[in-house]
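What follows is a single structure, written as structure tokens, with notes after it.
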Amino acid sequence: MTTIILAIVIGGAFGVVLDRIGATNPKYALKMLALTNLHLMKTILLAIGVAAVAMFAGQMAGLIEVGHMSVKSAYLGVFIGGLMLGTGWAVTGYCPGTGLSAAATGRKDALFFIAGGLLGAAAYMASYSWVKSTGVLDSMFGGKATVATIPGTNYPALFEGLPGDIVGIVLGLGFIAIAFALPNKFVGSKEPHGNAQPAK
């Protein structure tokens, strides 16, 4: 019961943060994907970077038990699914987390997004046997493999000689640096001020 309550509290807090940064508004996501407003992209990169540094530094300090970490298997279906998810995000302005959070704020379009996601999940369940027979769920790159060696685990590493915790921290710092280095937008001209008329 405690686990369920904790999950609800953390999930609710995460939803609040998503709403505060504008992720529950599909216009922000679509502007990010169109490269006309990178506020959301910068926030996502910063969050990933800080989380990576905290997690791997915590593992090195013994504050986080490595055994609690789960490495997912790599297979072709993951990449296909990622492309489908990205396409859906570009079309709707929602991903699963932001869609649920948006529905909690009262956005009716998010309810249609959730319904579509549930229908997609049901279709995948119904066709799972056929999907599996195509081989797209077969393991790649050693299955549950990590980029570098993580102490205290028996996962195969793509680069045996590299210490995983250090690589994780470096990558996290790289994400943080990119978040601060990115401009506010790549595309679009400056909006006119006052009564100035845009050039024709």
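Just remember, in the structure tokens the first chain shown is A, the second B, etc., residues are 1-based per chain, and ligands are 1-based in the order shown.
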Please report, as a Markdown table, each residue of range 93-149 of chain A lying at most 8 Å from range 11-20 of chain A, together with the nearest pair of atoms and the separation in Å rounded to one decimal; use only C-alpha atoms, and order rows by chain and ascending residue number.
| residue | atom | partner | partner_atom | distance |
| --- | --- | --- | --- | --- |
| A:Gly97 | CA | A:Gly15 | CA | 7.8 |
| A:Thr98 | CA | A:Leu18 | CA | 6.8 |
| A:Ser101 | CA | A:Gly15 | CA | 5.2 |
| A:Ala102 | CA | A:Asp19 | CA | 7.4 |
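Here CA of Ala104 in chain A stands at a distance of 17.5 Å from CA of Ala29 in chain A.
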Skipping near chain neighbours, those fewer than 3 positions away, what residues fall within 9 Å of range 139-146 of chain A using only C-alpha atoms, listed as a PyMOL selection string?
chain A and resi 71-76+135-136+149-150+155-159+164
Only C-alpha atoms, please: the residues just picked out, written as a compact mmCIF listing (two decimals), in the first residue's frame.
# COMPACT_ATOMS: atom_id res chain seq x y z
CA VAL A 71 18.46 -2.30 -18.09
CA LYS A 72 16.00 -2.95 -20.89
CA SER A 73 16.80 -5.24 -23.79
CA ALA A 74 17.71 -3.63 -27.11
CA TYR A 75 15.79 -4.86 -30.14
CA LEU A 76 14.60 -3.48 -33.48
CA GLY A 135 11.84 -11.02 -35.43
CA VAL A 136 11.61 -7.33 -34.47
CA THR A 149 30.81 -1.25 -17.44
CA ILE A 150 28.62 -0.62 -14.38
CA TYR A 155 25.34 -6.67 -17.79
CA PRO A 156 27.59 -6.95 -20.87
CA ALA A 157 29.13 -3.61 -21.89
CA LEU A 158 29.66 -2.39 -25.43
CA PHE A 159 32.93 -0.77 -24.24
CA GLY A 164 30.00 3.30 -16.61
Using only C-alpha atoms, which protein or nucleic acid residues come within 9 Å of Gly168 in chain A? Drop anything in the same chain fewer than 6 positions from it, and give the result as a ChimeraX atom specification.
/A:52-53,55-57,148
Can you write out the residues you just picked, keeping C-alpha atoms, as a PDB file, in the first residue's frame?
ATOM      1  CA  ALA A  52      22.021  11.387 -14.819  1.00  0.00           C
ATOM      2  CA  VAL A  53      24.654  13.187 -12.755  1.00  0.00           C
ATOM      3  CA  MET A  55      22.041   8.957 -10.244  1.00  0.00           C
ATOM      4  CA  PHE A  56      25.548   7.928 -11.289  1.00  0.00           C
ATOM      5  CA  ALA A  57      27.222  10.053  -8.623  1.00  0.00           C
ATOM      6  CA  ALA A 148      30.127   1.015 -20.417  1.00  0.00           C
TER       7      ALA A 148
END
Please identify which residues in range 13-92 of chain A DSSP calls alpha helix (DSSP H) from the backbone, and express them as a PyMOL selection string.
chain A and resi 13-20+26-33+39-60+76-92
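Reported to one decimal place, the separation of CA of Pro96 in chain A from CA of Ala7 in chain A is 16.6 Å.
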Could you find all residues in range 11-175 of chain A that DSSP calls strand (DSSP E) from the backbone, and write them as a list in words?
Thr146, Val147, Ala148, Thr149, Ala157, Leu158, Phe159, Glu160, Gly161, Leu162 and Pro163 of chain A
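Ranking A:Asn25, A:Lys185, A:Gly172, A:Phe180 by their shortest atom-to-atom distance to Ala51 in chain A, with only C-alpha atoms included, puts A:Gly172 first.
Closest approach to Ala121 in chain A from the set A:Leu171, A:Gly81, A:Val9, A:Ala90 is made by A:Gly81, with distances taken over only C-alpha atoms.
The residue set within 7 Å of range 35-37 of chain A, counting only C-alpha atoms and dropping same-chain residues fewer than 6 places from it, reads Asn184, Lys185, Phe186, Val187 and Gly188 of chain A.
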Could you save those same residues with C-alpha atoms as a CSV table (one decimal), in the first residue's frame?
chain,number,residue,atom,x,y,z
A,184,ASN,CA,15.7,30.1,-27.5
A,185,LYS,CA,14.9,29.2,-31.1
A,186,PHE,CA,16.5,28.2,-34.3
A,187,VAL,CA,13.8,29.2,-36.7
A,188,GLY,CA,11.6,32.3,-37.1
